[in-house]
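Notes to accompany the following structure.
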Amino acid sequence: MSETYAGKALDFLKKFNLQEGDTIELTKNGVILKAIIMPSYSSSDDILVIKLDNGYNIGISVDSISEVKLIKRGEKREEKKAEEKAVKDKSEVVIISTGGTIVSKIEYDTGAVRPALTIEEILKFMPEINEIAKIDAKVLFSILSENMKPEYWIKIANEVKNALDKGAKGVVVAHGTDTMAYTAPALAFSLKSLTGPVVMVGSQRSSDRPSSDAPINFLTSVLVAKDAPFAEVTVNMHGESSDTYTLVHRGVKVRKMHTSRRDAFQSVNDIPLAKVYYRERKIEILRDDYIRKKDANEVDAKLDPNVFLLKYYPGLLPDIIDYLMNKGVKGIIVEGTGLGHTHSEFYNAFKRATKDGIFIGMTSQCLFGRVNMNVYTTGRLLQEAGVVPLEDMLPETALVKLMWVLAHETDLDKVKELMLTNFVGEINPIHVPEMYPRWYHDRIRLQ
Amino acid sequence: MTELDYSKLGLKVGLEIHQQLNTSHKLFCNCDTSLNETFHVSLERYLRPSFSELGEVDIAALFEWKKDKKYVYKLPKNSCLVECDEEPPHLIDEEALGIVTAIALSLHSTLVDEVYVMRKIVIDGSNTSGFQRTAIIALGGYIEVDGNKIGIQTISLEEDASRKISDNKDEIDYNLDRLGVTLIEISTAPDIHTPEQAEKVAFAIGQLLRMTGKVKRGIGTIRQDLNVSIQGGVKTEIKGVQRLELVPEIIRNEATRQYELLKIKEELTQRRGVTKELILENYKPTDLTSIFASTNSRLVKKELEKGALVYGVKIPKFRGIFGWELMKNRRFGTEVADYVRVLAGLGGLFHSDELPNYGISQEEVDKVKKALNVSEEDAFVLVVGDKARLQLALDTIRDRILYALEGIPKETRTALEDGTTKFMRPQRGSASMYPETDIPPRRIDSKIIELAKTFMPEKPESKLKKFVDLGFK
């Protein structure tokens with residue numbers, strides 16, 4: 001029977017012994033319609049969703065149907081299951097799929113976008129990828145990135161090492177965009193030594209749309225994984241709204257800066273490692289200080305999730321710190337205001353926490369720029385309470401780094417030392433004016 | 001050609017009237033609906049076909065993709081990230097729902113209870129997303145014209161496409177001002193039986209729409225599409241008739257075309273005994289470039305200088321078929337040539353019924369005939385172009401010729417200014433429609449009905465009475 005119907009519509013279907021997929025003829029207000037019963041994605045329980053001959057779906061209230069008869073029983077659609085298989089030897093690039101829009105298609109049952117498309121299916125879409133490299137694919141997870149967890153990061157890291165150890169030149173990790181900028185630093189800190197590039201890729205328009213950014217992002221990612229000279233964890237996404245080039249960002253300096261644009265991912269306090277021209281299939285390296293390829297892969301994926309990212313706002317009370325301490329949190333990244341501040345009343349709470357061995361690190365909710373807790377009295381006070389200014393690290397990167405550090409070190413001084421050690425370029429010591437986006441100031445719209 | 005007897009012919013015409021609504025906002029965003037040609041940003045994009053609901057690539061979509069064109073979108077002030085396909089669509093514009101509901105009620109149509117927005121795949125670049133959003137609002141109903149009830153099939157809302165600025169081999173430029181402007185689409189049943197009646201029905205619907213006071217006026221704000229068939233023929237879609245006066249002429253021409261194509265079928269299969277097998281056995285494209293090495297045909301010479309080849313193929317027992325007139329100014333040969341232009345990107349073709357001509361001499365024709373072993377009752381076709389395109393062209397020609405044995409291919413045709421039509425693309429399958437998952441279904445509730453009442457068009461008679469009362473005589 002139907003799984004998507006409830007209430008009145010379900011009673012109607014039961015009464016007439018009908019189910020999703022059946023072709024029916026119904027009469028409403030004298031109009032006779034021949035249609036197929038679709039799964040419901042209505043919020044009203046009296047609505048029957050039907051597909052007409054011309055392909056349109058409409059919703060009809062069962063209360064308004066005067067006659068209905070079955071024309072033809074629907075056939076059951078078979079669900080194809082993605083096959084689990086081991087990564088082949090001798091492939092140049094391995095694509096590890098974790099889910100997200102880039103590997104998703106419309107679920108016509110619910111009308112929602114679901115991460116279900118296997119990479120083999122995507123290759124059917126984008127046969128050009130085969131021209132670039134001999135690839136192999138593995139579906140590791142099929143989850144939306146908002147459902148990502150630190151324990152999955154560890155699995156991805158191990159899978160990346162596995163693929164590179166088997167001789168792949170590089171690895172592409174397909175991932176949902178929402179939390180890609182958390183997974184990227186997790187991989188970056190966990191993969192201590194790499195023989196080739198790790199390219200994380202996602203898409204902002206699902207691949208079942210003709211305008212999807214998935215094909216270009218995918219194609220360029222495979223190219224980077226195969227040919228780029230660096231061996232670090234990167235994110236490769238559209239560089240601008242046009243389908244012209246993608247940007248390869250350092251995984252620890254990248255952030256999703258827009259809810260929906262193709263070029264949502266941008267480097268903050270940094271410039272990208274490379275620009276990739278899609279039509280020309282050309283990689284342009286933008287800087288020389290990239291991490292070079294090593295002889296072997298080393299993974300050190302240990303993460304302690306007992307951390308907290310605290311965004312300060314006017315009115316936030318210091319007892320939140322005591323609450324977090326009681327919850328067993330071992331470290332807190334504060335997203336402070338401006339140069340790295342909270343209300344000075346946090347002094348005592350921070351002091352209690354650090355005395356208890358809890359790490360408190362300061363980042364800025366400005367995102368752009370470096371924290372500096374020496375300029376104002378409050379900053380100096382907070383430092384006195386044990387708060388550690390974390391340079392220009394992104395709050396999310398600092399949080400993930402803290403998970404990694406706490407899984408390796410418990411001594412507060414050691415934790416502090418590691419947090420300020422620049423492992424993979426997460427701290428940029430030099431900020432030049434070009435590292436800040438240029439906003440438009442012209443009068444664009446005239447109404 | 002003499003006028004046909006349309007009732008004997010079983011002429012059936014349905015209309016699709018597309019009218020822009022004069023709403024404050026576009027259908028799925030807050031931009032205004034004015035036209036504007038001052039641009040502040042431009043975007044470059046490519047589209048590719050995607051798998052549809054049924055897991056098949058739509059034939060019309062695939063056909064566009066083969067062209068591998070770059071689309072350049074220019075943004076005037078009334079375009080936002082929604083038109084750029086950079087932000088999900090907002091909810092359906094309430095004003096548009098109100099207006100279309102009002103029109104549906106005045107056409108005695110039955111409103112759906114819940115509106116579902118669909119995506120209709122269109123990858124000619126005119127929609128940045130690669131699909132047009134569209135939704136059925138009402139079904140059934142009728143309009144009375146000269147005492148005849150003409151049935152209404154569906155009343156839909158849809159977003160208008162971008163405006164083409166320029167088009168060349170590699171790139172099409174579009175203005176985004178019109179993208180997302182609300183269109184109402186009214187489809188009538190195929191209840192129209194004469195060319196003149198079609199014009200009257202189109203006029204009556206147009207008048208009803210204008211009476212809401214909420215439709216746009218001027219060139220390009222209303223477009224008529226025609227669905228035309230005759231007994232034994234197929235429903236041919238004719239797109240983009242902008243002038244109402246052309247409607248009867250276009251229908252006459254299309255009815256004639258279908259009639260003549262059926263006669264050709266009869267001639268080939270009944271009288272001449274042509275079969276699919278016979279055509280395929282003889283379909284051996286041959287390189288004839290050497291015959292034209294010192295040709296006087298400037299057309300051929302120009303292509304040869306660019307390194308093109310001349311290929312010829314024999315079509316058995318086809319003498320006179322290519323020259324067969326289907327409508328004013330259009331022969332069967334013209335139809336095949338249009339397929340070659342559209343599907344293979346060549347300039348056209350030469351056929352034996354028109355040669356010698358275009359600088360091709362009798363001597364060259366004789367040599368071709370000899371090379372292809374063409375007898376008195378056969379025909380031949382010549383195509384000129386680079387190898388890759390020739391292959392595509394020859395396949396296209398073969399398929400179109402084979403279809404002559406079956407009758408009339410399912411086509412979407414473009415209306416031309418002289419009342420004729422030409423091949424535009426194969427008709428899209430139902431595979432090209434799938435749900436717009438970014439927009440939740442919208443119940444037609446009392447709020448919309450109340451809003452609709454404020455837009456209800458007055459009947460022409462009562463409006464006339466008002467005018468009379470006001471002193472207009």
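Every chain in the structure tokens takes a letter, A first, then B, and so on in the order presented; its residues are numbered from 1, and the ligands are numbered from 1 following the presented order.
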
Given only C-alpha atoms, how would the per-residue table for chain A near chain B read, listing every residue at most 6 Å away with its closest atom pair and distance in Å to one decimal, sorted by chain and number, as a tab-separated table?
```
residue	atom	partner	partner_atom	distance
A:Gly55	CA	B:Ser430	CA	5.5
A:Asn57	CA	B:Tyr116	CA	5.9
A:Ile58	CA	B:Tyr116	CA	5.5
A:Gly59	CA	B:Glu114	CA	4.4
A:Ile60	CA	B:Asp113	CA	5.1
A:Ser61	CA	B:Asp113	CA	5.9
A:Gly111	CA	B:Thr437	CA	5.2
A:Ala112	CA	B:Thr437	CA	5.8
A:Asp208	CA	B:Ser50	CA	5.1
A:Arg209	CA	B:Ser50	CA	5.9
A:Pro210	CA	B:Arg48	CA	4.8
A:Ser211	CA	B:Ser129	CA	5.1
A:Ser242	CA	B:Glu44	CA	4.7
A:Asp243	CA	B:Arg45	CA	5.0
A:Ser260	CA	B:Glu87	CA	5.3
A:Arg261	CA	B:Glu86	CA	4.7
A:Arg445	CA	B:Lys77	CA	5.1
```

- What is the distance between atom CA of A:Met419 and atom CA of A:Val405, in Å to one decimal?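 Rounded to one decimal, the two atoms are 7.1 Å apart.
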
- Message: Residues near A:Asn372, anyone? I mean within 9 Å using only C-alpha atoms, not counting same-chain ones fewer than 5 positions away, as a VMD selection string.
- Response: chain A and resid 338 to 340 379 389 to 391

Expected file contents, prior selection, C-alpha atoms, as a PDB file, in the first residue's frame:
```pdb
ATOM      1  CA  GLY A 338      36.373  42.363  16.191  1.00  0.00           C
ATOM      2  CA  LEU A 339      39.992  41.765  17.138  1.00  0.00           C
ATOM      3  CA  GLY A 340      38.946  38.940  19.481  1.00  0.00           C
ATOM      4  CA  GLY A 379      41.772  41.609  24.984  1.00  0.00           C
ATOM      5  CA  PRO A 389      44.533  34.306  20.303  1.00  0.00           C
ATOM      6  CA  LEU A 390      44.515  32.035  17.224  1.00  0.00           C
ATOM      7  CA  GLU A 391      45.939  34.405  14.624  1.00  0.00           C
TER       8      GLU A 391
END
```

- Neighbours of B:Gly273 within 9 Å (only C-alpha atoms; same-chain residues fewer than 5 positions away dropped), as an MDAnalysis selection string? chainID B and resid 267:268 317

- Residue contacts of stretch 131-142 of chain A (6 Å, only C-alpha atoms) excluding same-chain residues fewer than 6 positions away, as a PyMOL selection string: chain A and resi 91-99+115

Neighbour list for stretch 350-363 of chain B as a PDB file with N, CA and C atoms, in the first residue's frame, cut-off 6 Å, only C-alpha atoms, skip fewer than 2 positions in-chain:
```
ATOM      1  N   ASN B 296      31.768  25.044 -62.013  1.00  0.00           N
ATOM      2  CA  ASN B 296      31.477  26.465 -62.151  1.00  0.00           C
ATOM      3  C   ASN B 296      30.507  26.956 -61.073  1.00  0.00           C
ATOM      4  N   SER B 297      30.047  26.017 -60.241  1.00  0.00           N
ATOM      5  CA  SER B 297      29.126  26.399 -59.178  1.00  0.00           C
ATOM      6  C   SER B 297      29.908  27.112 -58.075  1.00  0.00           C
ATOM      7  N   GLY B 320      11.010  12.937 -58.826  1.00  0.00           N
ATOM      8  CA  GLY B 320       9.853  13.831 -58.699  1.00  0.00           C
ATOM      9  C   GLY B 320       9.394  14.064 -57.272  1.00  0.00           C
ATOM     10  N   GLY B 323      10.909  17.315 -55.658  1.00  0.00           N
ATOM     11  CA  GLY B 323      10.340  18.533 -56.229  1.00  0.00           C
ATOM     12  C   GLY B 323       8.857  18.711 -55.918  1.00  0.00           C
ATOM     13  N   VAL B 365      25.878  16.607 -63.667  1.00  0.00           N
ATOM     14  CA  VAL B 365      24.726  15.800 -63.258  1.00  0.00           C
ATOM     15  C   VAL B 365      24.836  14.395 -63.866  1.00  0.00           C
ATOM     16  N   ASP B 366      25.188  14.349 -65.143  1.00  0.00           N
ATOM     17  CA  ASP B 366      25.312  13.052 -65.817  1.00  0.00           C
ATOM     18  C   ASP B 366      26.390  12.182 -65.175  1.00  0.00           C
ATOM     19  N   ALA B 379      16.154   9.089 -57.832  1.00  0.00           N
ATOM     20  CA  ALA B 379      16.592  10.458 -57.530  1.00  0.00           C
ATOM     21  C   ALA B 379      17.942  10.380 -56.841  1.00  0.00           C
ATOM     22  N   PHE B 380      18.617  11.511 -56.745  1.00  0.00           N
ATOM     23  CA  PHE B 380      19.841  11.531 -55.923  1.00  0.00           C
ATOM     24  C   PHE B 380      19.912  12.841 -55.141  1.00  0.00           C
ATOM     25  N   VAL B 381      20.757  12.786 -54.117  1.00  0.00           N
ATOM     26  CA  VAL B 381      20.958  13.949 -53.247  1.00  0.00           C
ATOM     27  C   VAL B 381      22.450  14.202 -53.151  1.00  0.00           C
ATOM     28  N   LEU B 382      22.838  15.488 -53.202  1.00  0.00           N
ATOM     29  CA  LEU B 382      24.247  15.854 -53.003  1.00  0.00           C
ATOM     30  C   LEU B 382      24.358  16.729 -51.759  1.00  0.00           C
TER      31      LEU B 382
END
```

- Query: Can you tell me, as a ChimeraX atom specification, what residues are no more than 8 Å from stretch 22-31 of chain B when counting only C-alpha atoms, ignoring any on the same chain fewer than 2 positions away?
  - Reply: /B:20,33,78-80,82,89-93,95-96,158-159,180-182,214-216

- Query: Which of these residues is nearest to A:Tyr347, using only C-alpha atoms: A:Met257, A:Met126, A:Ile360, A:Ile285?
  - Reply: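 Smallest separation from A:Tyr347 among the options: A:Ile360.
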
- Atomic distance atom CA of B:Leu346 - atom CA of B:Val384, expressed in Å with one decimal: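 Result for atom CA of B:Leu346 versus atom CA of B:Val384: 7.8 Å, one decimal.
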
- What does the distance between atom CA of A:Asp289 and atom CA of A:Ser193 come to in Å, to one decimal place?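 For atom CA of A:Asp289 relative to atom CA of A:Ser193, the distance reads 16.0 Å.
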